[in-house]
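Asks: Below are the structure tokens for one structure; questions will follow.
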Amino acid sequence: MAYWLVKSEPFKYSWDQLEKDKQTFWDGVRNYAARNNLKAMKKGDEVFFYHSNEGLEIVGIAKVAKEHYPDPTANDDTWVVVDLKPSKKLKKPVSLEQIKADKRLANMALVRLGRLSVQPVTDQEWNIVLEMAGEK
């Protein structure tokens with residue numbers, strides 16, 4: 001199993017909306033690196049849900065429910081989506097400020113590649129963030 005992080009602006013699509021919807025397709029990705037990350041996701045992979053612009057924090061864990069397929073909102077077949085379903089809301093959201101302050105997370109994509117909307121998370125990073133969230 002691999003770990004990932006997806007970003008969403010809460011006013012566009014929030015964690016609460018994902019919980020209400022119970023499942024959604026992750027559309028609108030128009031960056032090649034982010035698209036390649038979507039293509040690498042496998043059913044059952046776990047995904048941190050990060051609120052960008054407002055909040056700037058990891059708020060929940062989703063799971064990949066369906067592997068990549070063509071993005072129905074795109075005009076060509078270059079772009080893909082995956083289906084995500086909510087798994088768990090974090091006990092304590094983990095802020096970008098907290099992540100940047102932890103030297104163990106200095107190489108995390110969220111710190112190094114701030115604008116990338118879909119990014120990999122290492123096993124070690126995953127466990128550190130869970131610890132920070134009071135989940136371990």
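Here, A, B, ... name the chains of the structure tokens in the order displayed, residue numbers run from 1 inside each chain, and ligands are numbered from 1 in the same displayed order.
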If we count only C-alpha atoms and set the cut-off at 8 Å, which residues sit around A:Ser95, ignoring sequence neighbours fewer than 6 positions away in its own chain? Please answer as an NGL selection string.
Replies: :A and (55-58)
Asks: If you run DSSP on the backbone here, which positions in chain A get strand (DSSP E or B)? Please write them as a ChimeraX atom specification.
Replies: /A:3-8,24-25,46-51,57-70,80-95,118-121
Asks: Rank A:Asn107, A:Asn75, A:Phe48, A:Pro70 by their smallest atom-to-atom distance to A:Val129, using only C-alpha atoms, and report the top residue only.
Replies: A:Phe48
Asks: Which residue, A:Thr78, A:Met132, A:Gln119, A:Thr73, has the smallest gap to A:Asp102 when you use only C-alpha atoms?
Replies: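 Of A:Thr78, A:Met132, A:Gln119, A:Thr73, the one nearest A:Asp102, counting only C-alpha atoms, is A:Met132.
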Asks: So which residues touch A:Trp79 within 9 Å, counting only C-alpha atoms, skipping near sequence neighbours fewer than 6 positions away, as a VMD selection string?
Replies: chain A and resid 27 to 32 35 69 to 73
Asks: How far is it from atom CA of A:Lys89 to atom CA of A:Tyr13, in Å with one decimal?
Replies: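 Interatomic distance here is 15.1 Å.
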Asks: Give me the residues near A:Glu19 as an MDAnalysis selection string, where near means some atom within 10 Å (using only C-alpha atoms) and where sequence neighbours in that chain fewer than 5 positions away do not count.
Replies: chainID A and resid 14 24 60 62 85:89
Asks: Kindly indicate which residue among A:Ala101, A:Val111, A:Leu18, A:Ala106 lies nearest to A:Phe49, using only C-alpha atoms for the distances.
Replies: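 Using only C-alpha atoms, A:Phe49 sits closest to A:Leu18.
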Asks: If you measure from atom CA of A:Ile61 to atom CA of A:Phe25, what distance in Å do you get, rounded to one decimal?
Replies: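 Between these atoms lies a distance of 15.3 Å.
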Asks: Please give the complete set of residues from stretch 11-129 of chain A that DSSP, run on the backbone, assigns to alpha helix (DSSP H), formatted as JSON, numbers by chain.
Replies: {"A": [15, 16, 17, 18, 19, 20, 21, 32, 33, 34, 35, 36, 37, 38, 39, 40, 96, 97, 98, 99, 100, 101, 109, 110, 111, 112, 123, 124, 125, 126, 127, 128, 129]}
Asks: Take the residues just selected and output them with C-alpha atoms as an mmCIF file, in the first residue's frame.
Replies:
data_model
loop_
_atom_site.group_PDB
_atom_site.id
_atom_site.type_symbol
_atom_site.label_atom_id
_atom_site.label_comp_id
_atom_site.auth_asym_id
_atom_site.auth_seq_id
_atom_site.Cartn_x
_atom_site.Cartn_y
_atom_site.Cartn_z
ATOM 1 C CA TRP A 15 -13.579 17.219 4.115
ATOM 2 C CA ASP A 16 -17.109 17.688 5.470
ATOM 3 C CA GLN A 17 -18.452 17.563 1.910
ATOM 4 C CA LEU A 18 -16.533 14.347 1.212
ATOM 5 C CA GLU A 19 -18.033 12.783 4.353
ATOM 6 C CA LYS A 20 -21.498 13.915 3.262
ATOM 7 C CA ASP A 21 -21.015 12.599 -0.302
ATOM 8 C CA TYR A 32 1.417 16.455 -15.202
ATOM 9 C CA ALA A 33 3.238 15.487 -11.985
ATOM 10 C CA ALA A 34 -0.048 15.469 -10.034
ATOM 11 C CA ARG A 35 -1.700 13.463 -12.837
ATOM 12 C CA ASN A 36 1.101 10.900 -12.730
ATOM 13 C CA ASN A 37 0.542 10.572 -8.991
ATOM 14 C CA LEU A 38 -3.172 9.932 -9.598
ATOM 15 C CA LYS A 39 -2.210 7.243 -12.130
ATOM 16 C CA ALA A 40 0.060 5.600 -9.541
ATOM 17 C CA LEU A 96 1.364 23.169 7.672
ATOM 18 C CA GLU A 97 3.078 25.232 10.363
ATOM 19 C CA GLN A 98 3.442 22.122 12.580
ATOM 20 C CA ILE A 99 4.734 20.073 9.642
ATOM 21 C CA LYS A 100 7.314 22.719 8.705
ATOM 22 C CA ALA A 101 8.448 22.939 12.343
ATOM 23 C CA ALA A 109 6.526 16.973 -0.635
ATOM 24 C CA LEU A 110 4.064 19.264 1.161
ATOM 25 C CA VAL A 111 7.059 21.301 2.362
ATOM 26 C CA ARG A 112 9.242 21.046 -0.759
ATOM 27 C CA ASP A 123 5.656 5.564 5.263
ATOM 28 C CA GLN A 124 7.756 7.490 7.785
ATOM 29 C CA GLU A 125 6.027 10.810 6.995
ATOM 30 C CA TRP A 126 2.620 9.119 7.240
ATOM 31 C CA ASN A 127 3.404 7.753 10.698
ATOM 32 C CA ILE A 128 4.825 11.059 11.962
ATOM 33 C CA VAL A 129 1.729 12.975 10.840
#
Asks: So, with only C-alpha atoms as the atoms that count, which of A:Val47, A:Met108, A:Val82, A:Met41 lies closest to A:Leu5?
Replies: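 Of the candidates, the smallest distance to A:Leu5 is held by A:Val47.
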Asks: Would you compute the distance between atom CA of A:Met1 and atom CA of A:Gly114? Give it in Å to one decimal.
Replies: 23.7 Å
